[in-house]
$ cat entry34.csv   # CSV, C-alpha atoms (C1' of nucleotides)
chain,number,residue,atom,x,y,z
A,24,MET,CA,0.0,0.0,0.0
A,25,VAL,CA,1.4,3.3,-1.0
A,26,GLU,CA,0.5,6.6,0.5
A,27,ASP,CA,-1.9,8.9,-1.4
A,28,VAL,CA,0.3,11.9,-1.8
A,29,VAL,CA,-2.3,14.2,-3.3
A,30,ARG,CA,-4.4,13.6,-0.2
A,31,THR,CA,-1.5,13.9,2.2
A,32,LEU,CA,-0.3,17.2,0.7
A,33,GLY,CA,-3.7,18.8,1.4
A,34,PHE,CA,-4.1,22.4,0.1
A,35,LEU,CA,-1.0,22.1,-2.0
A,36,CYS,CA,-2.6,19.5,-4.3
A,37,MET,CA,-6.2,20.8,-4.0
A,38,GLY,CA,-6.4,21.3,-7.8
A,39,SER,CA,-5.3,17.8,-8.7
A,40,ARG,CA,-7.6,16.4,-6.0
A,41,LEU,CA,-10.7,18.2,-7.1
A,42,ARG,CA,-10.0,17.1,-10.7
A,43,ARG,CA,-9.5,13.6,-9.7
A,44,ILE,CA,-12.7,13.4,-7.6
A,45,GLY,CA,-14.6,15.1,-10.4
A,46,GLU,CA,-13.4,12.6,-12.9
A,47,ARG,CA,-14.3,9.8,-10.7
A,48,LEU,CA,-17.8,11.2,-10.1
A,49,GLN,CA,-18.4,11.8,-13.7
A,50,ALA,CA,-17.3,8.3,-14.6
A,51,ASP,CA,-19.7,7.0,-12.0
A,52,THR,CA,-22.5,9.2,-13.3
A,53,GLN,CA,-21.8,7.8,-16.8
A,54,GLN,CA,-22.3,4.3,-15.4
A,55,VAL,CA,-25.8,5.3,-14.1
A,56,ILE,CA,-26.6,6.7,-17.5
A,57,ASP,CA,-25.4,3.6,-19.3
A,58,GLU,CA,-27.3,1.3,-17.0
A,59,ALA,CA,-30.4,3.3,-17.8
A,60,GLY,CA,-29.8,2.5,-21.5
A,61,LEU,CA,-29.4,6.1,-22.6
A,62,SER,CA,-26.9,6.9,-25.3
A,63,ILE,CA,-25.4,10.2,-24.1
A,64,GLN,CA,-22.2,11.2,-22.4
A,65,ALA,CA,-22.4,12.7,-19.0
A,66,GLY,CA,-20.4,15.7,-20.2
A,67,GLN,CA,-23.0,16.4,-22.9
A,68,TYR,CA,-25.9,16.8,-20.6
A,69,PRO,CA,-25.2,20.3,-19.3
A,70,PHE,CA,-25.4,21.6,-22.9
A,71,LEU,CA,-28.8,20.1,-23.4
A,72,ALA,CA,-29.9,21.2,-20.0
A,73,ALA,CA,-28.8,24.8,-20.7
A,74,ILE,CA,-30.9,25.0,-23.8
A,75,ASP,CA,-33.8,23.4,-22.1
A,76,ARG,CA,-33.6,26.0,-19.4
A,77,ALA,CA,-32.9,29.1,-21.5
A,78,GLY,CA,-34.1,28.3,-25.0
A,79,PRO,CA,-31.9,28.3,-28.1
A,80,LEU,CA,-28.4,29.5,-27.3
A,81,THR,CA,-25.4,30.3,-29.4
A,82,ILE,CA,-22.1,28.4,-29.3
A,83,GLY,CA,-20.5,31.1,-27.2
A,84,GLU,CA,-23.4,31.3,-24.8
A,85,LEU,CA,-23.3,27.6,-24.4
A,86,ALA,CA,-19.6,27.6,-23.6
A,87,GLN,CA,-20.2,30.3,-21.0
A,88,ALA,CA,-23.2,28.4,-19.5
A,89,VAL,CA,-21.3,25.2,-19.2
A,90,GLY,CA,-18.1,26.8,-18.2
A,91,ILE,CA,-15.7,25.6,-20.8
A,92,THR,CA,-13.9,27.3,-23.7
A,93,GLN,CA,-15.5,27.9,-27.1
A,94,PRO,CA,-13.6,25.2,-29.0
A,95,GLY,CA,-14.8,22.7,-26.5
A,96,ALA,CA,-18.3,23.8,-26.9
A,97,THR,CA,-18.0,23.7,-30.7
A,98,ARG,CA,-16.9,20.1,-30.5
A,99,THR,CA,-19.5,18.9,-28.1
A,100,ILE,CA,-22.3,20.6,-30.0
A,101,GLY,CA,-21.0,18.9,-33.2
A,102,GLN,CA,-21.4,15.6,-31.4
A,103,LEU,CA,-24.9,16.4,-30.2
A,104,LEU,CA,-25.8,17.5,-33.7
A,105,GLU,CA,-24.5,14.2,-35.0
A,106,LEU,CA,-26.5,12.3,-32.4
A,107,GLY,CA,-29.6,14.2,-33.5
A,108,TYR,CA,-30.3,15.9,-30.2
A,109,VAL,CA,-29.8,19.4,-31.4
A,110,ASP,CA,-30.3,21.5,-34.5
A,111,ILE,CA,-28.3,24.5,-35.5
A,112,GLN,CA,-29.2,27.5,-37.6
A,113,PRO,CA,-27.7,30.9,-38.2
A,114,ALA,CA,-29.1,33.7,-36.1
A,115,PRO,CA,-31.5,35.7,-38.3
A,116,ASP,CA,-30.0,39.1,-37.4
A,117,ASP,CA,-26.3,38.0,-37.2
A,118,GLN,CA,-24.9,35.5,-39.6
A,119,ARG,CA,-21.9,34.9,-37.4
A,120,ARG,CA,-23.9,33.5,-34.5
A,121,ARG,CA,-25.2,30.0,-34.7
A,122,LEU,CA,-28.3,29.2,-32.6
A,123,VAL,CA,-28.4,25.8,-31.1
A,124,SER,CA,-31.9,24.4,-30.3
A,125,LEU,CA,-33.2,21.0,-29.1
A,126,THR,CA,-34.7,18.7,-31.6
A,127,ASP,CA,-37.8,16.7,-30.6
A,128,LYS,CA,-35.5,13.8,-29.9
A,129,GLY,CA,-33.4,16.0,-27.7
A,130,GLN,CA,-36.4,17.4,-25.9
A,131,ASP,CA,-37.7,13.8,-25.3
A,132,LEU,CA,-34.3,12.8,-23.9
A,133,ILE,CA,-34.4,15.8,-21.6
A,134,ASN,CA,-37.9,15.1,-20.5
A,135,HIS,CA,-37.2,11.5,-19.8
A,136,SER,CA,-33.9,12.4,-18.0
A,137,LYS,CA,-35.7,14.9,-15.8
A,138,LYS,CA,-38.1,12.2,-14.7
A,139,VAL,CA,-35.9,9.2,-14.4
A,140,ILE,CA,-32.2,9.8,-14.5
A,141,TRP,CA,-31.5,13.2,-13.0
A,142,PRO,CA,-33.3,12.6,-9.8
A,143,ARG,CA,-31.4,9.3,-9.4
A,144,ILE,CA,-28.0,10.9,-10.0
A,145,ALA,CA,-28.8,13.9,-7.8
A,146,ALA,CA,-30.0,11.6,-5.0
A,147,ALA,CA,-26.9,9.4,-5.3
A,148,VAL,CA,-24.6,12.4,-5.0
A,149,ALA,CA,-26.7,13.8,-2.2
A,150,ASP,CA,-26.4,10.4,-0.5
A,151,LEU,CA,-22.6,10.6,-1.0
A,152,CYS,CA,-22.0,14.2,0.3
A,153,GLY,CA,-25.3,15.9,1.0
A,154,ASP,CA,-25.0,15.7,4.7
A,155,LEU,CA,-21.4,16.6,5.0
A,156,ASP,CA,-20.2,19.6,6.8
A,157,GLY,CA,-17.0,21.2,7.9
A,158,PRO,CA,-13.7,22.1,6.3
A,159,ILE,CA,-13.4,21.2,2.7
A,160,LEU,CA,-10.4,18.9,3.0
A,161,GLU,CA,-12.3,16.7,5.4
A,162,GLN,CA,-15.3,16.6,3.1
A,163,LEU,CA,-13.2,15.6,0.2
A,164,ALA,CA,-11.7,12.8,2.2
A,165,ALA,CA,-15.2,11.7,3.1
A,166,ILE,CA,-16.2,11.8,-0.5
A,167,GLU,CA,-13.2,9.8,-1.6
A,168,ASP,CA,-13.8,7.2,1.1
A,169,GLY,CA,-17.5,7.1,0.3
A,170,LEU,CA,-16.9,6.5,-3.4
A,171,ALA,CA,-14.4,3.8,-2.6
A,172,ALA,CA,-17.0,2.1,-0.4
A,173,ALA,CA,-19.9,2.4,-2.8
A,174,PRO,CA,-19.9,4.0,-6.3
A,175,LEU,CA,-22.8,6.2,-7.3
A,176,ALA,CA,-24.5,3.5,-9.2
A,177,ARG,CA,-25.0,1.6,-5.9
A,178,ARG,CA,-26.4,4.6,-4.2
A,179,SER,CA,-29.2,5.1,-6.8
A,180,PRO,CA,-32.6,4.7,-5.2
A,181,ALA,CA,-34.0,3.2,-8.4
A,182,LYS,CA,-31.4,0.5,-8.2
A,183,GLU,CA,-33.3,-1.8,-5.9
A,184,GLU,CA,-31.8,-5.2,-6.1
A,185,ASN,CA,-34.4,-7.3,-4.4
A,186,ALA,CA,-34.9,-10.8,-5.8
B,1,MET,CA,-25.1,37.1,-19.1
B,2,VAL,CA,-25.9,33.4,-19.3
B,3,GLU,CA,-26.8,31.3,-16.4
B,4,ASP,CA,-24.1,28.9,-15.1
B,5,VAL,CA,-26.0,25.6,-15.6
B,6,VAL,CA,-23.4,23.4,-13.9
B,7,ARG,CA,-23.7,25.6,-10.8
B,8,THR,CA,-27.5,25.8,-11.0
B,9,LEU,CA,-28.0,22.0,-11.3
B,10,GLY,CA,-26.2,21.4,-8.0
B,11,PHE,CA,-25.6,17.8,-7.1
B,12,LEU,CA,-26.5,16.7,-10.6
B,13,CYS,CA,-23.4,18.3,-12.1
B,14,MET,CA,-21.1,17.9,-9.2
B,15,GLY,CA,-18.6,15.9,-11.2
B,16,SER,CA,-18.3,18.5,-13.9
B,17,ARG,CA,-18.1,21.2,-11.4
B,18,LEU,CA,-15.3,19.6,-9.3
B,19,ARG,CA,-13.3,19.0,-12.4
B,20,ARG,CA,-13.8,22.5,-13.6
B,21,ILE,CA,-12.7,24.0,-10.3
B,22,GLY,CA,-9.8,21.6,-10.1
B,23,GLU,CA,-8.6,22.6,-13.6
B,24,ARG,CA,-8.9,26.2,-12.7
B,25,LEU,CA,-7.0,25.8,-9.5
B,26,GLN,CA,-4.3,23.8,-11.2
B,27,ALA,CA,-3.9,26.5,-13.9
B,28,ASP,CA,-3.6,29.1,-11.2
B,29,THR,CA,-1.1,27.0,-9.4
B,30,GLN,CA,0.9,26.7,-12.6
B,31,GLN,CA,1.0,30.5,-12.9
B,32,VAL,CA,2.5,30.7,-9.4
B,33,ILE,CA,5.1,28.1,-10.4
B,34,ASP,CA,5.9,30.0,-13.7
B,35,GLU,CA,6.2,33.3,-11.9
B,36,ALA,CA,8.8,31.7,-9.6
B,37,GLY,CA,10.8,30.7,-12.7
B,38,LEU,CA,10.6,27.0,-12.2
B,39,SER,CA,10.3,24.7,-15.2
B,40,ILE,CA,7.9,22.1,-14.1
B,41,GLN,CA,4.3,21.4,-14.6
B,42,ALA,CA,1.9,21.5,-11.6
B,43,GLY,CA,0.7,18.0,-12.4
B,44,GLN,CA,4.3,16.6,-12.3
B,45,TYR,CA,4.9,17.8,-8.7
B,46,PRO,CA,3.0,15.0,-6.9
B,47,PHE,CA,5.2,12.4,-8.6
B,48,LEU,CA,8.4,14.0,-7.3
B,49,ALA,CA,6.8,14.6,-3.9
B,50,ALA,CA,5.9,11.0,-3.7
B,51,ILE,CA,9.4,9.9,-4.3
B,52,ASP,CA,10.7,12.5,-1.9
B,53,ARG,CA,8.5,11.2,0.8
B,54,ALA,CA,8.7,7.5,0.3
B,55,GLY,CA,12.0,7.0,-1.5
B,56,PRO,CA,12.4,5.3,-4.9
B,57,LEU,CA,9.1,4.0,-6.2
B,58,THR,CA,8.1,1.9,-9.2
B,59,ILE,CA,5.8,3.1,-11.9
B,60,GLY,CA,2.9,1.3,-10.6
B,61,GLU,CA,3.4,2.6,-7.1
B,62,LEU,CA,3.7,6.1,-8.4
B,63,ALA,CA,0.4,5.7,-10.3
B,64,GLN,CA,-1.2,4.6,-7.1
B,65,ALA,CA,0.4,7.3,-5.0
B,66,VAL,CA,-0.7,10.0,-7.3
B,67,GLY,CA,-4.1,8.4,-8.1
B,68,ILE,CA,-4.0,8.1,-11.8
B,69,THR,CA,-3.7,5.1,-14.1
B,70,GLN,CA,-0.4,3.4,-15.0
B,71,PRO,CA,-0.2,4.6,-18.6
B,72,GLY,CA,-0.5,8.2,-17.3
B,73,ALA,CA,2.2,7.6,-14.8
B,74,THR,CA,4.4,6.1,-17.4
B,75,ARG,CA,4.1,9.2,-19.6
B,76,THR,CA,4.6,11.7,-16.8
B,77,ILE,CA,7.7,9.8,-15.5
B,78,GLY,CA,9.0,9.8,-19.1
B,79,GLN,CA,8.7,13.6,-19.1
B,80,LEU,CA,10.4,13.9,-15.7
B,81,LEU,CA,13.2,11.7,-17.0
B,82,GLU,CA,13.6,13.9,-20.0
B,83,LEU,CA,13.7,16.9,-17.8
B,84,GLY,CA,16.5,15.3,-15.7
B,85,TYR,CA,14.6,15.3,-12.4
B,86,VAL,CA,14.4,11.5,-12.1
B,87,ASP,CA,16.4,8.5,-12.8
B,88,ILE,CA,15.1,5.0,-13.6
B,89,GLN,CA,16.7,1.6,-13.1
B,90,PRO,CA,15.3,-1.9,-13.1
B,91,ALA,CA,14.6,-3.3,-9.6
B,92,PRO,CA,17.5,-5.6,-8.7
B,93,ASP,CA,15.2,-8.5,-7.7
B,94,ASP,CA,12.5,-8.1,-10.4
B,95,GLN,CA,13.4,-7.0,-13.9
B,96,ARG,CA,9.8,-6.1,-14.7
B,97,ARG,CA,9.8,-3.3,-12.1
B,98,ARG,CA,11.4,0.0,-12.8
B,99,LEU,CA,12.5,2.0,-9.8
B,100,VAL,CA,12.2,5.8,-10.2
B,101,SER,CA,14.4,7.9,-8.0
B,102,LEU,CA,15.2,11.6,-7.7
B,103,THR,CA,18.3,12.9,-9.4
B,104,ASP,CA,20.3,15.6,-7.6
B,105,LYS,CA,18.6,18.1,-9.8
B,106,GLY,CA,15.2,16.7,-8.8
B,107,GLN,CA,16.1,16.7,-5.1
B,108,ASP,CA,17.3,20.3,-5.5
B,109,LEU,CA,14.0,21.2,-7.1
B,110,ILE,CA,12.1,19.6,-4.3
B,111,ASN,CA,14.1,21.2,-1.6
B,112,HIS,CA,13.7,24.6,-3.1
B,113,SER,CA,10.0,24.0,-3.7
B,114,LYS,CA,9.5,23.0,-0.2
B,115,LYS,CA,11.0,26.2,1.0
B,116,VAL,CA,9.7,28.7,-1.5
B,117,ILE,CA,6.9,27.5,-3.7
B,118,TRP,CA,4.8,25.0,-1.8
B,119,PRO,CA,4.2,27.2,1.3
B,120,ARG,CA,3.1,29.9,-1.1
B,121,ILE,CA,0.7,27.8,-3.0
B,122,ALA,CA,-0.7,26.1,0.1
B,123,ALA,CA,-1.1,29.5,1.8
B,124,ALA,CA,-2.9,30.9,-1.3
B,125,VAL,CA,-5.3,27.9,-1.4
B,126,ALA,CA,-5.8,28.2,2.4
B,127,ASP,CA,-6.6,31.9,1.9
B,128,LEU,CA,-9.1,30.9,-0.8
B,129,CYS,CA,-10.9,28.1,1.1
B,130,GLY,CA,-9.3,27.4,4.4
B,131,ASP,CA,-11.8,29.1,6.5
B,132,LEU,CA,-14.9,27.8,4.7
B,133,ASP,CA,-17.4,25.6,6.4
B,134,GLY,CA,-20.8,24.2,5.7
B,135,PRO,CA,-22.4,22.2,2.9
B,136,ILE,CA,-20.0,21.4,0.0
B,137,LEU,CA,-22.1,23.1,-2.7
B,138,GLU,CA,-21.9,26.4,-0.8
B,139,GLN,CA,-18.2,26.0,-0.4
B,140,LEU,CA,-17.7,25.3,-4.0
B,141,ALA,CA,-19.7,28.4,-4.9
B,142,ALA,CA,-17.5,30.4,-2.5
B,143,ILE,CA,-14.4,29.0,-4.1
B,144,GLU,CA,-15.6,29.9,-7.6
B,145,ASP,CA,-16.5,33.4,-6.5
B,146,GLY,CA,-13.2,33.7,-4.7
B,147,LEU,CA,-11.2,32.6,-7.8
B,148,ALA,CA,-13.1,35.0,-10.0
B,149,ALA,CA,-12.3,37.8,-7.5
B,150,ALA,CA,-8.6,37.1,-7.1
B,151,PRO,CA,-6.7,34.2,-8.7
B,152,LEU,CA,-4.2,32.2,-6.6
B,153,ALA,CA,-1.2,34.2,-7.8
B,154,ARG,CA,-2.7,37.3,-6.2
B,155,ARG,CA,-3.2,35.5,-2.9
B,156,SER,CA,0.4,34.4,-2.5
B,157,PRO,CA,2.0,36.0,0.5
B,158,ALA,CA,5.4,36.3,-1.2
B,159,LYS,CA,3.7,38.5,-3.8
B,160,GLU,CA,3.9,41.7,-1.9
B,161,GLU,CA,3.4,44.5,-4.3
B,162,ASN,CA,4.5,47.4,-2.2
B,163,ALA,CA,6.2,50.2,-4.1
C,25,DA,C1',-18.3,54.1,-48.9
C,26,DT,C1',-14.2,52.1,-47.8
C,27,DT,C1',-11.0,50.9,-44.5
C,28,DT,C1',-10.3,49.1,-39.9
C,29,DA,C1',-11.4,47.0,-35.7
C,30,DA,C1',-14.1,43.8,-33.2
C,31,DT,C1',-16.8,39.6,-32.7
C,32,DA,C1',-18.3,34.7,-33.4
C,33,DC,C1',-17.1,30.5,-34.7
C,34,DA,C1',-13.9,26.9,-36.7
C,35,DT,C1',-9.5,24.7,-36.8
C,36,DT,C1',-5.1,23.2,-35.3
C,37,DA,C1',-1.9,21.7,-32.1
C,38,DC,C1',-1.2,20.2,-27.7
C,39,DA,C1',-1.9,18.4,-22.7
C,40,DT,C1',-3.3,14.9,-19.8
C,41,DG,C1',-6.6,11.8,-18.5
C,42,DT,C1',-8.8,7.1,-19.9
C,43,DT,C1',-9.4,1.9,-21.7
C,44,DA,C1',-7.7,-1.9,-24.2
C,45,DT,C1',-4.0,-4.5,-25.4
C,46,DA,C1',1.0,-6.1,-26.4
C,47,DT,C1',5.3,-7.7,-24.4
C,48,DA,C1',8.6,-9.2,-21.1
C,49,DA,C1',9.7,-11.1,-16.7
C,50,DC,C1',8.4,-13.8,-12.9
C,51,DA,C1',5.6,-17.6,-10.5
C,52,DT,C1',3.4,-22.1,-10.4
C,53,DG,C1',1.7,-26.8,-11.4
C,54,DC,C1',2.3,-30.9,-13.6
D,23,DG,C1',11.8,-28.0,-16.6
D,24,DC,C1',8.3,-26.6,-19.5
D,25,DA,C1',3.6,-24.9,-20.2
D,26,DT,C1',0.5,-21.6,-18.3
D,27,DG,C1',-1.0,-17.9,-15.8
D,28,DT,C1',0.0,-13.5,-13.5
D,29,DT,C1',2.2,-9.1,-13.0
D,30,DA,C1',4.7,-4.8,-14.5
D,31,DT,C1',5.3,-1.7,-17.9
D,32,DA,C1',4.8,0.1,-22.7
D,33,DT,C1',2.1,1.4,-26.4
D,34,DA,C1',-2.0,2.6,-29.1
D,35,DA,C1',-6.3,4.7,-29.7
D,36,DC,C1',-9.5,7.7,-27.9
D,37,DA,C1',-11.8,11.5,-24.9
D,38,DT,C1',-12.0,16.1,-23.5
D,39,DG,C1',-10.1,20.0,-21.8
D,40,DT,C1',-6.8,24.1,-23.2
D,41,DA,C1',-4.4,28.1,-26.0
D,42,DA,C1',-3.4,30.0,-30.4
D,43,DT,C1',-4.8,31.3,-34.7
D,44,DG,C1',-7.7,31.6,-39.1
D,45,DT,C1',-12.0,33.3,-41.4
D,46,DA,C1',-16.3,35.3,-42.1
D,47,DT,C1',-19.4,38.8,-40.6
D,48,DT,C1',-20.7,42.9,-38.3
D,49,DA,C1',-19.7,47.5,-36.4
D,50,DA,C1',-17.3,51.8,-36.4
D,51,DA,C1',-14.5,55.6,-38.1
D,52,DT,C1',-13.1,58.8,-41.2

$ encode --input "entry34.csv" --output "structure tokens"
Amino acid sequence: MVEDVVRTLGFLCMGSRLRRIGERLQADTQQVIDEAGLSIQAGQYPFLAAIDRAGPLTIGELAQAVGITQPGATRTIGQLLELGYVDIQPAPDDQRRRLVSLTDKGQDLINHSKKVIWPRIAAAVADLCGDLDGPILEQLAAIEDGLAAAPLARRSPAKEENA
Amino acid sequence: MVEDVVRTLGFLCMGSRLRRIGERLQADTQQVIDEAGLSIQAGQYPFLAAIDRAGPLTIGELAQAVGITQPGATRTIGQLLELGYVDIQPAPDDQRRRLVSLTDKGQDLINHSKKVIWPRIAAAVADLCGDLDGPILEQLAAIEDGLAAAPLARRSPAKEENA
DNA sequence: ATTTAATACATTACATGTTATATAACATGC
DNA sequence: GCATGTTATATAACATGTAATGTATTAAAT
């Protein structure tokens, strides 16, 4: 057994640690999505959710809403277009802007997700860290330990494994 | 101004959010390192720190210590070898294992970092979130707001900008 | 009106994580 | 003592973020 340096170094490695936990959480989230039989990546959801909440948005607005850079948004939107979840058309008043809107298929996915998947994920994450309190380093340690003990997919309420 | 969906969705986008904050923190950390004139990447530090703490380690042990997968460790160690900070030699008893140790240059870097850079980074991060308390989502919001208000490099104690 | 600057998006190159798999060295069972 | 499985590392292919830069369109200035 080797010491977990990132954890040991505390504030010094806070960036690495947050990233690491975030990656782990997102991977777990993906598993819940996959088990539900949906064909979408966890990282693509926020884009659809943003449009669902605000109506059609441009690439730049989406990047801002999701908190990544514009090239990243351009790529992800390209994937969602390919998957048929969104539609793109130039803004009527400004040919530079491209307005991204949900297709019917995209709206269906969101509607279904809101009912079935999102509550499950949110509940699992809340189960993992919703009741935590105190200094952030302690909470992160608790989250890491919690994930090691039971991944998100085993914390989903809908996942009742009764015979 | 567009709504920050990841933030709005709370537990549902916790993974994305942690990752995003972690990336931001690491980028800020890199800036502090660069300003100090050191030629190393923030993500490479934990590897050197692990060896400094535990003595020579194998690739697999390093991956475990740093919390990434083995191919990632192999690549980073390759970079550190290229930079002259570490040395690699097969373990005497098992030719499959490759023991990674610090070179003099690597040890110098660590010694200097311990004195000058690490305390600065840890202090800046502590300044950012050391006094926080309460539910994690609130702390994350405070950290995001704090980073937006003043990046890590402007929170480093050594960064005294008196005339 | 035509030049010039700014804006929105696309593209390229790169960084750093992952999974899947190949290869070499060690361990085991017969 | 050789076949077979396991382990440690390397490599390849891919995912998803970034920064830097190109290109088309709009806005502004003279």

$ closest_atom_pairs --input "entry34.csv" --of "chain D" --to "chain A" --cutoff "9 Å" --atoms "all atoms listed in the file" --output "Markdown table"
| residue | atom | partner | partner_atom | distance |
| --- | --- | --- | --- | --- |
| D:DT38 | C1' | A:Gly95 | CA | 7.8 |
| D:DG39 | C1' | A:Gly95 | CA | 7.2 |
| D:DT40 | C1' | A:Thr92 | CA | 7.8 |
| D:DA46 | C1' | A:Arg119 | CA | 7.3 |
| D:DT47 | C1' | A:Arg119 | CA | 5.6 |
| D:DT48 | C1' | A:Asp117 | CA | 7.5 |

$ write_last_selection --input "entry34.csv" --atoms "C-alpha atoms (C1' of nucleotides)" --output "compact mmCIF listing (two decimals), in the coordinates of the input"
# COMPACT_ATOMS: atom_id res chain seq x y z
C1' DT D 38 -12.00 16.10 -23.50
C1' DG D 39 -10.10 20.00 -21.80
C1' DT D 40 -6.80 24.10 -23.20
C1' DA D 46 -16.30 35.30 -42.10
C1' DT D 47 -19.40 38.80 -40.60
C1' DT D 48 -20.70 42.90 -38.30

$ atom_distance --input "entry34.csv" --atom1 "CA of Arg20 (chain B)" --atom2 "CA of Arg42 (chain A)"
7.2 Å

$ interface_residues --input "entry34.csv" --of "chain C" --to "chain A" --cutoff "9 Å" --atoms "only C-alpha atoms (C1' of nucleotides)" --output "list in words"
DT31, DA32, DC33, DA34, DT35 and DG41 of chain C

$ interface_residues --input "entry34.csv" --of "chain B" --to "chain A" --cutoff "7 Å" --atoms "only C-alpha atoms" --output "PDB file with C-alpha atoms, in the frame of the given file"
ATOM      1  CA  VAL B   2     -25.900  33.400 -19.300  1.00  0.00           C
ATOM      2  CA  GLU B   3     -26.800  31.300 -16.400  1.00  0.00           C
ATOM      3  CA  ASP B   4     -24.100  28.900 -15.100  1.00  0.00           C
ATOM      4  CA  VAL B   5     -26.000  25.600 -15.600  1.00  0.00           C
ATOM      5  CA  VAL B   6     -23.400  23.400 -13.900  1.00  0.00           C
ATOM      6  CA  PHE B  11     -25.600  17.800  -7.100  1.00  0.00           C
ATOM      7  CA  LEU B  12     -26.500  16.700 -10.600  1.00  0.00           C
ATOM      8  CA  GLY B  15     -18.600  15.900 -11.200  1.00  0.00           C
ATOM      9  CA  SER B  16     -18.300  18.500 -13.900  1.00  0.00           C
ATOM     10  CA  LEU B  18     -15.300  19.600  -9.300  1.00  0.00           C
ATOM     11  CA  ARG B  19     -13.300  19.000 -12.400  1.00  0.00           C
ATOM     12  CA  ILE B  21     -12.700  24.000 -10.300  1.00  0.00           C
ATOM     13  CA  GLY B  22      -9.800  21.600 -10.100  1.00  0.00           C
ATOM     14  CA  GLU B  23      -8.600  22.600 -13.600  1.00  0.00           C
ATOM     15  CA  LEU B  25      -7.000  25.800  -9.500  1.00  0.00           C
ATOM     16  CA  GLN B  26      -4.300  23.800 -11.200  1.00  0.00           C
ATOM     17  CA  PRO B  46       3.000  15.000  -6.900  1.00  0.00           C
ATOM     18  CA  ALA B  50       5.900  11.000  -3.700  1.00  0.00           C
ATOM     19  CA  GLU B  61       3.400   2.600  -7.100  1.00  0.00           C
ATOM     20  CA  GLN B  64      -1.200   4.600  -7.100  1.00  0.00           C
ATOM     21  CA  ALA B  65       0.400   7.300  -5.000  1.00  0.00           C
ATOM     22  CA  VAL B  66      -0.700  10.000  -7.300  1.00  0.00           C
ATOM     23  CA  TRP B 118       4.800  25.000  -1.800  1.00  0.00           C
ATOM     24  CA  ILE B 121       0.700  27.800  -3.000  1.00  0.00           C
ATOM     25  CA  ALA B 122      -0.700  26.100   0.100  1.00  0.00           C
ATOM     26  CA  VAL B 125      -5.300  27.900  -1.400  1.00  0.00           C
ATOM     27  CA  ALA B 126      -5.800  28.200   2.400  1.00  0.00           C
ATOM     28  CA  LEU B 132     -14.900  27.800   4.700  1.00  0.00           C
ATOM     29  CA  ASP B 133     -17.400  25.600   6.400  1.00  0.00           C
ATOM     30  CA  GLY B 134     -20.800  24.200   5.700  1.00  0.00           C
ATOM     31  CA  PRO B 135     -22.400  22.200   2.900  1.00  0.00           C
TER      32      PRO B 135
END

$ atom_distance --input "entry34.csv" --atom1 "CA of Asp116 (chain A)" --atom2 "C1' of DA30 (chain C)"
17.1 Å

$ atom_distance --input "entry34.csv" --atom1 "CA of Gly78 (chain A)" --atom2 "CA of Ala59 (chain A)"
26.3 Å

$ closest_residue --input "entry34.csv" --among "D:DC24, D:DA50, D:DT31, D:DA41" --to "DA39 (chain C)" --atoms "only C-alpha atoms (C1' of nucleotides)"
D:DA41

$ residues_around --input "entry34.csv" --residues "DA25 (chain D)" --least-positions-apart "4" --cutoff "12 Å" --atoms "only C-alpha atoms (C1' of nucleotides)" --output "ChimeraX atom specification"
/C:52-54

$ closest_residue --input "entry34.csv" --among "D:DA37, D:DA51, D:DA32, D:DA42" --to "DT28 (chain C)" --atoms "all atoms listed in the file"
D:DA51

$ residues_around --input "entry34.csv" --residues "DT28 (chain D)" --least-positions-apart "3" --cutoff "12 Å" --atoms "all atoms listed in the file" --output "list of chain:residue names"
C:DA49, C:DC50, C:DA51, C:DT52

$ decode --input "entry34.csv" --residues "region 100-108 of chain B" --atoms "N, CA and C atoms" --output "short mmCIF file (atom, residue, chain, number, x, y, z; two decimals), in the first residue's frame"
data_model
loop_
_atom_site.label_atom_id
_atom_site.label_comp_id
_atom_site.auth_asym_id
_atom_site.auth_seq_id
_atom_site.Cartn_x
_atom_site.Cartn_y
_atom_site.Cartn_z
N VAL B 100 11.98 4.35 -9.86
CA VAL B 100 12.17 5.76 -10.20
C VAL B 100 12.70 6.48 -8.97
N SER B 101 13.82 7.16 -9.12
CA SER B 101 14.39 7.91 -7.99
C SER B 101 14.68 9.34 -8.42
N LEU B 102 14.85 10.21 -7.46
CA LEU B 102 15.17 11.61 -7.74
C LEU B 102 16.64 11.74 -8.10
N THR B 103 16.94 12.53 -9.10
CA THR B 103 18.33 12.89 -9.36
C THR B 103 18.69 14.03 -8.40
N ASP B 104 19.94 14.45 -8.40
CA ASP B 104 20.33 15.58 -7.57
C ASP B 104 19.52 16.80 -7.98
N LYS B 105 19.39 16.96 -9.29
CA LYS B 105 18.61 18.09 -9.79
C LYS B 105 17.17 18.03 -9.29
N GLY B 106 16.62 16.83 -9.30
CA GLY B 106 15.25 16.66 -8.82
C GLY B 106 15.13 16.95 -7.34
N GLN B 107 16.13 16.48 -6.58
CA GLN B 107 16.11 16.72 -5.14
C GLN B 107 16.26 18.21 -4.84
N ASP B 108 17.10 18.86 -5.62
CA ASP B 108 17.27 20.31 -5.46
C ASP B 108 15.94 21.03 -5.70
#
